[in-house]
$ cat data_9.txt   # compact mmCIF, C-alpha atoms (C1' of nucleotides)
# COMPACT_ATOMS: atom_id res chain seq x y z
CA MET Y 1 0.42 7.10 14.44
CA PHE Y 2 4.17 7.25 14.81
CA PRO Y 3 5.95 5.39 16.20
CA THR Y 4 3.95 2.40 15.00
CA PHE Y 5 2.63 -0.11 17.54
CA GLN Y 6 4.58 -3.33 17.00
CA VAL Y 7 4.32 -6.62 18.83
CA ARG Y 8 5.49 -10.21 18.63
CA LEU Y 9 3.04 -13.05 19.35
CA ALA Y 10 3.76 -16.49 20.80
CA GLY Y 11 1.70 -19.40 22.07
CA LEU Y 12 -1.15 -19.20 19.55
CA ASP Y 13 -2.80 -22.28 18.09
CA PRO Y 14 -0.88 -22.47 14.75
CA GLY Y 15 -3.90 -23.75 12.82
CA GLY Y 16 -6.51 -21.55 14.51
CA ASP Y 17 -7.95 -18.34 13.07
CA TYR Y 18 -7.32 -15.06 14.86
CA MET Y 19 -8.33 -11.44 14.45
CA LEU Y 20 -5.94 -8.81 15.83
CA MET Y 21 -7.29 -5.42 16.88
CA MET Y 22 -6.39 -2.20 18.65
CA ASP Y 23 -8.44 0.44 20.40
CA PHE Y 24 -7.74 3.48 22.58
CA ILE Y 25 -9.31 4.16 25.95
CA PRO Y 26 -9.21 7.47 27.85
CA VAL Y 27 -6.73 7.37 30.72
CA ASP Y 28 -8.90 9.68 32.83
CA ASP Y 29 -11.80 12.09 32.59
CA LYS Y 30 -9.58 15.16 32.24
CA ARG Y 31 -8.51 17.72 29.71
CA TYR Y 32 -4.89 18.89 29.75
CA ARG Y 33 -2.79 21.84 28.75
CA TYR Y 34 0.95 22.20 28.57
CA ALA Y 35 2.66 24.46 31.10
CA PHE Y 36 5.72 25.81 29.34
CA HIS Y 37 7.26 27.28 32.50
CA SER Y 38 7.42 23.84 34.14
CA SER Y 39 7.62 21.79 30.90
CA SER Y 40 4.81 19.55 32.08
CA TRP Y 41 1.18 18.72 31.41
CA ILE Y 42 -1.35 20.07 33.90
CA VAL Y 43 -5.05 19.38 34.30
CA ALA Y 44 -7.21 21.96 32.52
CA GLY Y 45 -10.68 20.76 33.39
CA LYS Y 46 -13.06 17.91 32.75
CA ALA Y 47 -12.81 15.81 29.57
CA ASP Y 48 -14.71 16.87 26.45
CA PRO Y 49 -17.49 14.56 25.25
CA ASN Y 50 -16.10 11.70 23.15
CA SER Y 51 -17.48 9.95 20.09
CA PRO Y 52 -18.45 6.27 20.27
CA PRO Y 53 -15.14 4.41 20.45
CA ARG Y 54 -13.81 2.76 17.29
CA ILE Y 55 -11.80 -0.41 16.88
CA HIS Y 56 -8.99 -0.83 14.37
CA VAL Y 57 -8.80 -4.36 12.94
CA HIS Y 58 -5.37 -5.36 11.63
CA PRO Y 59 -5.88 -5.51 7.83
CA ASP Y 60 -4.33 -9.00 7.60
CA SER Y 61 -7.18 -10.36 9.78
CA PRO Y 62 -8.41 -13.01 9.92
CA ASN Y 63 -5.32 -15.17 9.69
CA LYS Y 64 -3.84 -18.39 11.11
CA GLY Y 65 -1.91 -18.36 14.35
CA ALA Y 66 1.13 -19.76 12.53
CA GLN Y 67 1.09 -16.77 10.16
CA TRP Y 68 0.75 -14.16 12.94
CA MET Y 69 3.64 -15.69 14.91
CA LYS Y 70 6.04 -15.74 11.94
CA GLN Y 71 7.11 -12.10 12.20
CA VAL Y 72 6.83 -8.91 14.22
CA LEU Y 73 3.36 -7.44 13.70
CA SER Y 74 3.05 -3.79 12.81
CA PHE Y 75 -0.08 -1.65 13.04
CA ASP Y 76 1.25 0.75 10.42
CA LYS Y 77 -2.14 1.28 8.78
CA LEU Y 78 -3.72 2.66 11.95
CA LYS Y 79 -4.59 6.35 11.65
CA LEU Y 80 -5.70 8.89 14.25
CA THR Y 81 -7.98 11.88 13.76
CA ASN Y 82 -9.59 14.61 15.83
CA ASN Y 83 -12.48 14.82 13.37
CA GLN Y 84 -15.57 13.61 15.25
CA LEU Y 85 -17.35 13.16 11.90
CA ASP Y 86 -14.56 11.08 10.35
CA ASP Y 87 -15.75 8.88 7.51
CA ASN Y 88 -12.54 6.92 6.87
CA GLY Y 89 -12.74 4.51 9.79
CA HIS Y 90 -9.88 6.21 11.59
CA ILE Y 91 -9.56 6.20 15.37
CA ILE Y 92 -11.21 9.34 16.77
CA LEU Y 93 -9.41 11.03 19.67
CA ASN Y 94 -9.84 14.32 21.50
CA SER Y 95 -6.84 16.59 21.32
CA MET Y 96 -5.28 17.50 24.69
CA HIS Y 97 -6.58 14.27 26.27
CA ARG Y 98 -4.62 11.22 27.48
CA TYR Y 99 -5.07 7.77 25.89
CA GLN Y 100 -4.01 4.20 26.52
CA PRO Y 101 -3.68 1.95 23.44
CA ARG Y 102 -4.94 -1.62 23.87
CA PHE Y 103 -4.13 -4.71 21.83
CA HIS Y 104 -6.70 -7.51 21.40
CA VAL Y 105 -6.23 -11.06 20.16
CA VAL Y 106 -9.52 -12.68 19.15
CA TYR Y 107 -9.72 -16.43 18.56
CA VAL Y 108 -12.34 -17.09 15.89
CA ASN Y 109 -13.93 -20.49 16.21
CA CYS Y 110 -16.24 -21.02 13.23
CA LYS Y 111 -17.37 -24.57 13.97
CA GLY Y 112 -20.59 -23.51 15.70
CA GLU Y 113 -23.51 -21.70 14.08
CA ASP Y 114 -23.32 -18.69 16.38
CA ALA Y 115 -19.72 -17.59 15.99
CA THR Y 116 -19.80 -15.00 18.75
CA ALA Y 117 -20.74 -17.59 21.35
CA THR Y 118 -17.43 -19.41 20.92
CA GLU Y 119 -15.05 -16.46 20.54
CA ASN Y 120 -12.20 -16.01 22.98
CA PHE Y 121 -10.52 -12.66 23.67
CA SER Y 122 -7.22 -11.66 25.18
CA THR Y 123 -6.42 -8.01 25.79
CA PHE Y 124 -2.92 -6.64 26.35
CA VAL Y 125 -2.12 -3.21 27.76
CA PHE Y 126 1.36 -1.69 27.71
CA PRO Y 127 1.32 1.28 30.11
CA GLU Y 128 4.46 2.73 28.50
CA THR Y 129 2.44 3.42 25.32
CA LYS Y 130 0.16 6.00 26.98
CA PHE Y 131 0.24 9.39 25.26
CA THR Y 132 -1.38 12.80 25.06
CA ALA Y 133 -3.09 13.62 21.75
CA VAL Y 134 -2.17 17.01 20.24
CA THR Y 135 -2.62 18.96 17.03
CA ALA Y 136 0.74 20.68 17.47
CA TYR Y 137 3.79 19.56 19.43
CA GLN Y 138 4.14 21.27 22.80
CA ASN Y 139 7.72 20.21 23.50
CA HIS Y 140 10.60 20.84 21.13
CA ARG Y 141 12.35 17.64 22.23
CA ILE Y 142 9.42 15.58 20.93
CA THR Y 143 9.70 17.32 17.58
CA GLN Y 144 13.43 16.59 17.41
CA LEU Y 145 12.88 12.96 18.45
CA LYS Y 146 10.37 12.43 15.65
CA ILE Y 147 12.51 14.22 13.07
CA ALA Y 148 15.38 11.97 14.10
CA SER Y 149 13.43 8.71 13.96
CA ASN Y 150 10.77 9.05 11.26
CA PRO Y 151 12.09 8.43 7.73
CA PHE Y 152 9.46 10.76 6.23
CA ALA Y 153 10.88 13.67 8.22
CA LYS Y 154 14.40 13.36 6.77
CA GLY Y 155 13.99 16.73 5.07
CA PHE Y 156 14.15 18.45 8.47
CA ARG Y 157 17.31 16.79 9.76
CA ASP Y 158 20.28 19.06 10.38
CA CYS Y 159 23.15 16.64 10.03
CA ASP Y 160 24.10 13.46 8.24
CA PRO Y 161 21.49 10.71 8.82
CA ASP Y 162 24.27 8.25 9.75
CA GLU Y 163 25.26 10.37 12.72
CA TRP Y 164 21.95 9.88 14.46
CA MET E 1 0.21 -6.25 -14.82
CA PHE E 2 -1.45 -3.36 -16.57
CA PRO E 3 -4.27 -2.97 -17.23
CA THR E 4 -5.36 -4.51 -13.95
CA PHE E 5 -7.82 -7.41 -14.00
CA GLN E 6 -11.09 -6.12 -12.53
CA VAL E 7 -14.36 -7.91 -11.99
CA ARG E 8 -17.72 -7.50 -10.28
CA LEU E 9 -19.24 -10.40 -8.38
CA ALA E 10 -22.91 -11.24 -7.83
CA GLY E 11 -24.89 -14.15 -6.43
CA LEU E 12 -22.51 -15.11 -3.62
CA ASP E 13 -23.74 -16.25 -0.21
CA PRO E 14 -23.45 -12.92 1.68
CA GLY E 15 -22.46 -14.61 4.96
CA GLY E 16 -20.18 -17.26 3.42
CA ASP E 17 -16.37 -17.10 3.28
CA TYR E 18 -14.68 -16.93 -0.11
CA MET E 19 -11.13 -16.87 -1.42
CA LEU E 20 -10.54 -15.16 -4.77
CA MET E 21 -7.61 -16.22 -6.94
CA MET E 22 -6.05 -15.85 -10.36
CA ASP E 23 -3.69 -17.99 -12.36
CA PHE E 24 -2.36 -18.02 -15.92
CA ILE E 25 -2.44 -21.01 -18.25
CA PRO E 26 -0.51 -21.36 -21.52
CA VAL E 27 -2.77 -20.87 -24.54
CA ASP E 28 -0.79 -23.36 -26.59
CA ASP E 29 2.53 -25.18 -26.67
CA LYS E 30 4.23 -22.62 -28.90
CA ARG E 31 6.83 -19.88 -28.80
CA TYR E 32 6.23 -16.71 -30.80
CA ARG E 33 8.13 -13.91 -32.45
CA TYR E 34 6.84 -10.65 -33.88
CA ALA E 35 6.98 -10.20 -37.65
CA PHE E 36 7.44 -6.48 -38.22
CA HIS E 37 6.75 -6.67 -41.94
CA SER E 38 3.24 -8.04 -41.33
CA SER E 39 2.71 -6.51 -37.86
CA SER E 40 1.65 -9.86 -36.46
CA TRP E 41 2.82 -12.64 -34.17
CA ILE E 42 4.05 -15.81 -35.86
CA VAL E 43 4.95 -19.20 -34.42
CA ALA E 44 8.65 -19.56 -33.71
CA GLY E 45 8.84 -23.10 -32.44
CA LYS E 46 7.78 -25.24 -29.51
CA ALA E 47 7.17 -23.72 -26.07
CA ASP E 48 10.05 -23.42 -23.61
CA PRO E 49 9.83 -25.49 -20.42
CA ASN E 50 7.72 -23.73 -17.78
CA SER E 51 8.08 -23.53 -14.00
CA PRO E 52 5.44 -25.13 -11.77
CA PRO E 53 2.41 -22.82 -12.10
CA ARG E 54 1.70 -20.33 -9.33
CA ILE E 55 -1.59 -19.02 -8.01
CA HIS E 56 -2.18 -15.43 -6.94
CA VAL E 57 -4.58 -15.16 -3.99
CA HIS E 58 -6.36 -11.81 -3.73
CA PRO E 59 -4.80 -10.22 -0.62
CA ASP E 60 -8.22 -9.45 0.93
CA SER E 61 -8.95 -13.21 1.07
CA PRO E 62 -10.62 -14.80 2.86
CA ASN E 63 -13.62 -12.52 3.11
CA LYS E 64 -17.42 -12.66 3.28
CA GLY E 65 -19.50 -12.80 0.11
CA ALA E 66 -21.24 -9.57 1.11
CA GLN E 67 -17.87 -7.79 1.28
CA TRP E 68 -16.68 -9.09 -2.11
CA MET E 69 -19.94 -8.03 -3.81
CA LYS E 70 -19.85 -4.47 -2.42
CA GLN E 71 -17.45 -3.05 -5.02
CA VAL E 72 -15.53 -3.80 -8.18
CA LEU E 73 -12.63 -6.11 -7.34
CA SER E 74 -9.18 -5.21 -8.55
CA PHE E 75 -6.18 -7.52 -8.76
CA ASP E 76 -3.78 -4.59 -8.62
CA LYS E 77 -1.25 -6.40 -6.42
CA LEU E 78 -0.68 -9.15 -8.98
CA LYS E 79 2.82 -9.02 -10.45
CA LEU E 80 4.36 -10.89 -13.38
CA THR E 81 7.98 -11.97 -13.83
CA ASN E 82 10.10 -13.94 -16.28
CA ASN E 83 12.47 -14.95 -13.49
CA GLN E 84 12.07 -18.72 -13.09
CA LEU E 85 13.75 -18.49 -9.66
CA ASP E 86 11.47 -15.70 -8.39
CA ASP E 87 11.28 -15.55 -4.62
CA ASN E 88 8.56 -12.91 -4.26
CA GLY E 89 5.56 -15.07 -5.04
CA HIS E 90 5.01 -13.39 -8.39
CA ILE E 91 3.41 -15.15 -11.33
CA ILE E 92 6.14 -16.69 -13.49
CA LEU E 93 5.63 -16.47 -17.26
CA ASN E 94 7.79 -17.21 -20.28
CA SER E 95 8.42 -14.22 -22.49
CA MET E 96 7.19 -14.56 -26.09
CA HIS E 97 4.51 -17.06 -25.03
CA ARG E 98 0.71 -16.68 -25.00
CA TYR E 99 -1.30 -16.81 -21.75
CA GLN E 100 -4.90 -16.95 -20.64
CA PRO E 101 -5.69 -15.42 -17.21
CA ARG E 102 -8.24 -17.34 -15.12
CA PHE E 103 -10.32 -16.15 -12.19
CA HIS E 104 -11.32 -18.53 -9.39
CA VAL E 105 -13.95 -18.13 -6.67
CA VAL E 106 -13.45 -20.60 -3.83
CA TYR E 107 -16.18 -21.13 -1.25
CA VAL E 108 -14.55 -22.00 2.06
CA ASN E 109 -16.75 -24.12 4.26
CA CYS E 110 -15.04 -24.51 7.63
CA LYS E 111 -17.71 -26.52 9.44
CA GLY E 112 -16.07 -29.90 8.74
CA GLU E 113 -12.71 -31.04 10.06
CA ASP E 114 -11.21 -31.59 6.62
CA ALA E 115 -11.78 -28.24 4.95
CA THR E 116 -10.68 -29.32 1.47
CA ALA E 117 -13.38 -31.97 1.30
CA THR E 118 -16.15 -29.36 1.42
CA GLU E 119 -14.65 -26.64 -0.78
CA ASN E 120 -16.44 -25.51 -3.89
CA PHE E 121 -14.72 -23.87 -6.86
CA SER E 122 -15.93 -21.78 -9.75
CA THR E 123 -13.53 -20.77 -12.52
CA PHE E 124 -14.16 -17.94 -14.97
CA VAL E 125 -12.25 -17.40 -18.21
CA PHE E 126 -12.51 -14.23 -20.29
CA PRO E 127 -10.98 -15.00 -23.71
CA GLU E 128 -10.53 -11.28 -24.43
CA THR E 129 -7.87 -11.13 -21.69
CA LYS E 130 -5.43 -13.42 -23.52
CA PHE E 131 -2.04 -11.81 -24.11
CA THR E 132 1.53 -12.41 -25.24
CA ALA E 133 4.19 -11.89 -22.58
CA VAL E 134 7.15 -9.70 -23.64
CA THR E 135 10.17 -8.00 -22.15
CA ALA E 136 9.95 -5.15 -24.65
CA TYR E 137 6.98 -3.89 -26.63
CA GLN E 138 6.93 -5.11 -30.23
CA ASN E 139 4.22 -2.74 -31.50
CA HIS E 140 4.38 1.02 -31.14
CA ARG E 141 0.60 1.27 -30.87
CA ILE E 142 0.69 -0.82 -27.68
CA THR E 143 3.28 1.55 -26.26
CA GLN E 144 1.11 4.55 -27.09
CA LEU E 145 -2.00 2.87 -25.68
CA LYS E 146 -0.26 2.23 -22.37
CA ILE E 147 1.25 5.72 -22.21
CA ALA E 148 -2.24 7.10 -22.79
CA SER E 149 -3.98 4.96 -20.18
CA ASN E 150 -1.49 4.30 -17.37
CA PRO E 151 -1.22 7.20 -14.87
CA PHE E 152 2.39 6.27 -14.07
CA ALA E 153 3.39 6.91 -17.68
CA LYS E 154 2.18 10.51 -17.76
CA GLY E 155 5.75 11.69 -18.18
CA PHE E 156 5.76 10.32 -21.73
CA ARG E 157 2.55 11.93 -22.95
CA ASP E 158 2.89 14.44 -25.75
CA CYS E 159 -0.17 16.59 -25.21
CA ASP E 160 -2.42 17.78 -22.43
CA PRO E 161 -3.72 14.84 -20.35
CA ASP E 162 -7.29 16.18 -20.70
CA GLU E 163 -7.20 15.76 -24.46
CA TRP E 164 -6.86 11.98 -24.21
C1' DG K 1 20.31 -10.05 -34.93
C1' DC K 2 17.14 -10.48 -31.45
C1' DA K 3 15.96 -10.67 -26.58
C1' DT K 4 16.83 -9.19 -21.97
C1' DT K 5 18.59 -6.38 -18.23
C1' DT K 6 19.99 -2.11 -16.17
C1' DT K 7 19.85 2.67 -15.41
C1' DC K 8 17.42 6.82 -15.71
C1' DA K 9 14.15 10.87 -15.71
C1' DC K 10 9.58 11.38 -14.79
C1' DC K 11 5.58 10.35 -12.83
C1' DT K 12 1.77 8.81 -8.79
C1' DA K 13 0.65 8.45 -4.02
C1' DG K 14 1.16 9.77 0.32
C1' DG K 15 3.79 10.63 5.07
C1' DT K 16 6.78 14.55 7.50
C1' DG K 17 7.21 19.19 10.18
C1' DT K 18 6.93 24.36 9.16
C1' DC K 19 4.65 28.41 8.98
C1' DA K 20 0.98 31.50 8.18
C1' DA K 21 -3.66 32.07 8.81
C1' DG K 22 -7.91 31.02 10.93
C1' DT K 23 -10.86 29.88 15.01
C1' DT K 24 -12.64 30.12 19.66
C1' DA B 1 -3.94 33.48 24.33
C1' DA B 2 -4.40 28.83 23.11
C1' DC B 3 -5.56 25.73 19.85
C1' DT B 4 -6.54 24.14 14.94
C1' DT B 5 -6.29 24.07 9.95
C1' DG B 6 -4.39 24.31 5.30
C1' DA B 7 -0.74 25.23 1.92
C1' DC B 8 3.86 24.04 1.32
C1' DA B 9 8.66 22.05 0.51
C1' DC B 10 10.74 17.92 1.25
C1' DC B 11 10.92 13.35 1.85
C1' DT B 12 9.82 7.75 1.11
C1' DA B 13 8.24 4.20 -1.89
C1' DG B 14 7.45 2.50 -6.06
C1' DG B 15 5.23 2.25 -11.08
C1' DT B 16 6.21 4.12 -16.14
C1' DG B 17 8.73 3.73 -20.94
C1' DA B 18 13.32 5.31 -23.12
C1' DA B 19 17.70 4.23 -24.09
C1' DA B 20 21.97 2.13 -23.30
C1' DA B 21 24.31 -1.96 -22.05
C1' DT B 22 24.48 -6.78 -21.93
C1' DG B 23 23.57 -11.57 -23.27
C1' DC B 24 22.84 -15.35 -26.41
$ encode --input "data_9.txt" --output "structure tokens"
Amino acid sequence: MFPTFQVRLAGLDPGGDYMLMMDFIPVDDKRYRYAFHSSSWIVAGKADPNSPPRIHVHPDSPNKGAQWMKQVLSFDKLKLTNNQLDDNGHIILNSMHRYQPRFHVVYVNCKGEDATATENFSTFVFPETKFTAVTAYQNHRITQLKIASNPFAKGFRDCDPDEW
Amino acid sequence: MFPTFQVRLAGLDPGGDYMLMMDFIPVDDKRYRYAFHSSSWIVAGKADPNSPPRIHVHPDSPNKGAQWMKQVLSFDKLKLTNNQLDDNGHIILNSMHRYQPRFHVVYVNCKGEDATATENFSTFVFPETKFTAVTAYQNHRITQLKIASNPFAKGFRDCDPDEW
DNA sequence: GCATTTTCACCTAGGTGTCAAGTT
DNA sequence: AACTTGACACCTAGGTGAAAATGC
């Protein structure tokens, strides 16, 4: 997923253990298609059936609050797929559907026998991170934006990288 | 470090938390040089002063016993340096000195307040992994062995990779 | 004279959009 | 007609020993 979801954490218990996670929930029960004449997405019917939702656990989990708060966190290992039979633990999405990423902070208290009974969750949603999943870009300006900002797409840039 | 230190674990508590670590201890208090005429290492004086020893923690730590036992463990992120002022957390060694890698399994019991009081260690030493640290290979057969076995050195192979 | 560092061509490994071909 | 897949050239990022340059 590019751009990568990045976040800075504050207010954690420095010595406590936390797991950080992300998941993706459908924004609505609709399927979309892109109307080129109006350059906008329009509803194209009811949503396709979706696989059981998956959760991406940040690979540095679990870790101390102090460690998580030290720097900006990046979910750069998170991968998306449209393959409903995916076997790599990637997040499964339906193409041409809208999704809202969610960020979860899980406090892991291991003092008790039954760990789950003492876990605390906080979930954060940033509405500006909603997106439509595609297998091919529908809008040339999105293509140009990603070519301009993703280092791996440098080979497609027209002019000097410093000019961007 | 190549070849990478790899090990398989058995007999852990599947639900318990473990940290896996490696460190490197001097084999003796000597400095060596390579005698080309006899193709062997000979003592060349007393050991140079060494920096405070560092410990490499396997980056997947901490993790459950069940997880550690699932596959062969590889310490492929472990890096060596001769830079006594290293700031990257690498293992600091003296060139032309002999070292013995050690492997540590640490059981992390977090039920008590003072975690260190309830930790249990096991240390494993494989004498066949002893080596002499160098900045340049002293023996052409070592060079050829590494060219033959390290995928990143394919550019230096003489014949078809399949023949090796 | 020996040991170390630096630069280099050559790899591995994998993330980009393009374009042609395939699918529904 | 709309959507998806796979091969591809072109990148990033970084691990090899060779050879030249530097240090002691």
$ calpha_fit_and_write --input "data_9.txt" --fixed "chain E" --moving "chain Y" --output "compact mmCIF listing (two decimals) with C-alpha atoms, in the coordinates of the input"
# COMPACT_ATOMS: atom_id res chain seq x y z
CA MET Y 1 0.20 -6.27 -14.82
CA PHE Y 2 -1.45 -3.36 -16.56
CA PRO Y 3 -4.27 -2.98 -17.23
CA THR Y 4 -5.38 -4.53 -13.95
CA PHE Y 5 -7.83 -7.44 -13.99
CA GLN Y 6 -11.09 -6.13 -12.53
CA VAL Y 7 -14.37 -7.94 -12.00
CA ARG Y 8 -17.72 -7.52 -10.31
CA LEU Y 9 -19.25 -10.44 -8.39
CA ALA Y 10 -22.93 -11.26 -7.85
CA GLY Y 11 -24.89 -14.17 -6.44
CA LEU Y 12 -22.53 -15.12 -3.61
CA ASP Y 13 -23.76 -16.26 -0.22
CA PRO Y 14 -23.46 -12.92 1.69
CA GLY Y 15 -22.45 -14.60 4.95
CA GLY Y 16 -20.18 -17.25 3.43
CA ASP Y 17 -16.39 -17.08 3.28
CA TYR Y 18 -14.68 -16.92 -0.10
CA MET Y 19 -11.13 -16.87 -1.41
CA LEU Y 20 -10.55 -15.16 -4.77
CA MET Y 21 -7.61 -16.22 -6.93
CA MET Y 22 -6.06 -15.84 -10.36
CA ASP Y 23 -3.69 -17.99 -12.37
CA PHE Y 24 -2.36 -18.03 -15.93
CA ILE Y 25 -2.42 -21.01 -18.25
CA PRO Y 26 -0.50 -21.34 -21.54
CA VAL Y 27 -2.76 -20.87 -24.54
CA ASP Y 28 -0.75 -23.36 -26.60
CA ASP Y 29 2.56 -25.18 -26.68
CA LYS Y 30 4.24 -22.60 -28.92
CA ARG Y 31 6.83 -19.89 -28.82
CA TYR Y 32 6.21 -16.72 -30.83
CA ARG Y 33 8.09 -13.92 -32.47
CA TYR Y 34 6.83 -10.68 -33.91
CA ALA Y 35 6.96 -10.22 -37.68
CA PHE Y 36 7.41 -6.50 -38.23
CA HIS Y 37 6.72 -6.67 -41.98
CA SER Y 38 3.22 -8.05 -41.37
CA SER Y 39 2.71 -6.52 -37.89
CA SER Y 40 1.65 -9.87 -36.51
CA TRP Y 41 2.80 -12.65 -34.21
CA ILE Y 42 4.04 -15.83 -35.89
CA VAL Y 43 4.92 -19.21 -34.45
CA ALA Y 44 8.65 -19.56 -33.74
CA GLY Y 45 8.83 -23.10 -32.46
CA LYS Y 46 7.79 -25.24 -29.53
CA ALA Y 47 7.19 -23.71 -26.09
CA ASP Y 48 10.08 -23.40 -23.63
CA PRO Y 49 9.87 -25.46 -20.44
CA ASN Y 50 7.74 -23.71 -17.80
CA SER Y 51 8.09 -23.52 -14.04
CA PRO Y 52 5.44 -25.09 -11.79
CA PRO Y 53 2.42 -22.80 -12.12
CA ARG Y 54 1.72 -20.31 -9.33
CA ILE Y 55 -1.57 -19.02 -8.02
CA HIS Y 56 -2.17 -15.43 -6.94
CA VAL Y 57 -4.57 -15.15 -4.00
CA HIS Y 58 -6.37 -11.81 -3.73
CA PRO Y 59 -4.81 -10.21 -0.61
CA ASP Y 60 -8.23 -9.45 0.91
CA SER Y 61 -8.95 -13.21 1.07
CA PRO Y 62 -10.63 -14.79 2.88
CA ASN Y 63 -13.64 -12.52 3.10
CA LYS Y 64 -17.45 -12.65 3.26
CA GLY Y 65 -19.51 -12.80 0.10
CA ALA Y 66 -21.27 -9.57 1.12
CA GLN Y 67 -17.90 -7.79 1.27
CA TRP Y 68 -16.70 -9.08 -2.13
CA MET Y 69 -19.95 -8.05 -3.83
CA LYS Y 70 -19.89 -4.48 -2.45
CA GLN Y 71 -17.49 -3.08 -5.04
CA VAL Y 72 -15.54 -3.81 -8.21
CA LEU Y 73 -12.64 -6.12 -7.35
CA SER Y 74 -9.19 -5.22 -8.58
CA PHE Y 75 -6.18 -7.53 -8.77
CA ASP Y 76 -3.79 -4.59 -8.62
CA LYS Y 77 -1.26 -6.40 -6.43
CA LEU Y 78 -0.67 -9.15 -8.99
CA LYS Y 79 2.83 -9.03 -10.47
CA LEU Y 80 4.38 -10.88 -13.41
CA THR Y 81 7.99 -11.95 -13.85
CA ASN Y 82 10.11 -13.88 -16.31
CA ASN Y 83 12.48 -14.90 -13.52
CA GLN Y 84 12.11 -18.68 -13.12
CA LEU Y 85 13.81 -18.42 -9.71
CA ASP Y 86 11.50 -15.67 -8.43
CA ASP Y 87 11.32 -15.53 -4.65
CA ASN Y 88 8.58 -12.90 -4.28
CA GLY Y 89 5.57 -15.08 -5.07
CA HIS Y 90 5.03 -13.38 -8.40
CA ILE Y 91 3.42 -15.15 -11.35
CA ILE Y 92 6.16 -16.69 -13.52
CA LEU Y 93 5.64 -16.46 -17.29
CA ASN Y 94 7.80 -17.19 -20.31
CA SER Y 95 8.42 -14.21 -22.53
CA MET Y 96 7.19 -14.58 -26.13
CA HIS Y 97 4.51 -17.09 -25.06
CA ARG Y 98 0.71 -16.68 -25.01
CA TYR Y 99 -1.29 -16.83 -21.75
CA GLN Y 100 -4.90 -16.95 -20.65
CA PRO Y 101 -5.69 -15.43 -17.23
CA ARG Y 102 -8.22 -17.35 -15.12
CA PHE Y 103 -10.31 -16.15 -12.19
CA HIS Y 104 -11.31 -18.55 -9.39
CA VAL Y 105 -13.93 -18.14 -6.68
CA VAL Y 106 -13.44 -20.60 -3.82
CA TYR Y 107 -16.18 -21.14 -1.24
CA VAL Y 108 -14.55 -21.98 2.09
CA ASN Y 109 -16.76 -24.08 4.30
CA CYS Y 110 -15.04 -24.48 7.68
CA LYS Y 111 -17.73 -26.45 9.49
CA GLY Y 112 -16.14 -29.84 8.80
CA GLU Y 113 -12.78 -31.04 10.09
CA ASP Y 114 -11.29 -31.57 6.64
CA ALA Y 115 -11.80 -28.20 5.00
CA THR Y 116 -10.72 -29.27 1.54
CA ALA Y 117 -13.43 -31.92 1.36
CA THR Y 118 -16.18 -29.30 1.47
CA GLU Y 119 -14.66 -26.59 -0.75
CA ASN Y 120 -16.46 -25.48 -3.87
CA PHE Y 121 -14.73 -23.86 -6.85
CA SER Y 122 -15.92 -21.77 -9.75
CA THR Y 123 -13.53 -20.77 -12.51
CA PHE Y 124 -14.14 -17.94 -14.97
CA VAL Y 125 -12.24 -17.41 -18.20
CA PHE Y 126 -12.49 -14.25 -20.28
CA PRO Y 127 -10.97 -15.03 -23.70
CA GLU Y 128 -10.53 -11.31 -24.45
CA THR Y 129 -7.87 -11.14 -21.70
CA LYS Y 130 -5.42 -13.43 -23.52
CA PHE Y 131 -2.03 -11.82 -24.13
CA THR Y 132 1.53 -12.42 -25.26
CA ALA Y 133 4.21 -11.90 -22.59
CA VAL Y 134 7.16 -9.71 -23.67
CA THR Y 135 10.18 -8.00 -22.16
CA ALA Y 136 9.96 -5.16 -24.68
CA TYR Y 137 6.97 -3.91 -26.65
CA GLN Y 138 6.91 -5.12 -30.25
CA ASN Y 139 4.23 -2.74 -31.51
CA HIS Y 140 4.41 1.02 -31.14
CA ARG Y 141 0.62 1.28 -30.85
CA ILE Y 142 0.71 -0.81 -27.66
CA THR Y 143 3.30 1.54 -26.21
CA GLN Y 144 1.15 4.57 -27.05
CA LEU Y 145 -1.97 2.89 -25.63
CA LYS Y 146 -0.23 2.24 -22.32
CA ILE Y 147 1.29 5.72 -22.16
CA ALA Y 148 -2.18 7.11 -22.75
CA SER Y 149 -3.94 4.99 -20.13
CA ASN Y 150 -1.47 4.31 -17.32
CA PRO Y 151 -1.19 7.18 -14.81
CA PHE Y 152 2.43 6.25 -14.00
CA ALA Y 153 3.42 6.88 -17.62
CA LYS Y 154 2.20 10.50 -17.65
CA GLY Y 155 5.78 11.70 -18.08
CA PHE Y 156 5.80 10.31 -21.64
CA ARG Y 157 2.58 11.92 -22.85
CA ASP Y 158 2.91 14.44 -25.66
CA CYS Y 159 -0.17 16.55 -25.12
CA ASP Y 160 -2.49 17.71 -22.38
CA PRO Y 161 -3.82 14.75 -20.34
CA ASP Y 162 -7.39 16.09 -20.71
CA GLU Y 163 -7.23 15.69 -24.47
CA TRP Y 164 -6.87 11.94 -24.29
$ residues_around --input "data_9.txt" --residues "Gln67 of chain Y" --least-positions-apart "5" --cutoff "12 Å" --atoms "only C-alpha atoms (C1' of nucleotides)" --output "PyMOL selection string"
chain Y and resi 8-10+12-19+60-62+72-73
$ residues_near_point --input "data_9.txt" --point "(16.8, -11.8, -22.1)" --cutoff "8 Å" --atoms "all atoms listed in the file" --output "PyMOL selection string"
(chain E and resi 135) or (chain K and resi 3-5) or (chain B and resi 23)
$ residues_around --input "data_9.txt" --residues "Asn50 of chain Y" --least-positions-apart "4" --cutoff "12 Å" --atoms "all atoms listed in the file" --output "VMD selection string"
chain Y and resid 24 to 26 29 to 31 46 54 82 to 85 91 to 95 97
$ interface_residues --input "data_9.txt" --of "chain B" --to "chain E" --cutoff "9 Å" --atoms "all atoms listed in the file" --output "CSV table (one decimal) with C-alpha atoms (C1' of nucleotides), keeping the file's coordinate frame"
chain,number,residue,atom,x,y,z
B,15,DG,C1',5.2,2.2,-11.1
B,16,DT,C1',6.2,4.1,-16.1
B,17,DG,C1',8.7,3.7,-20.9
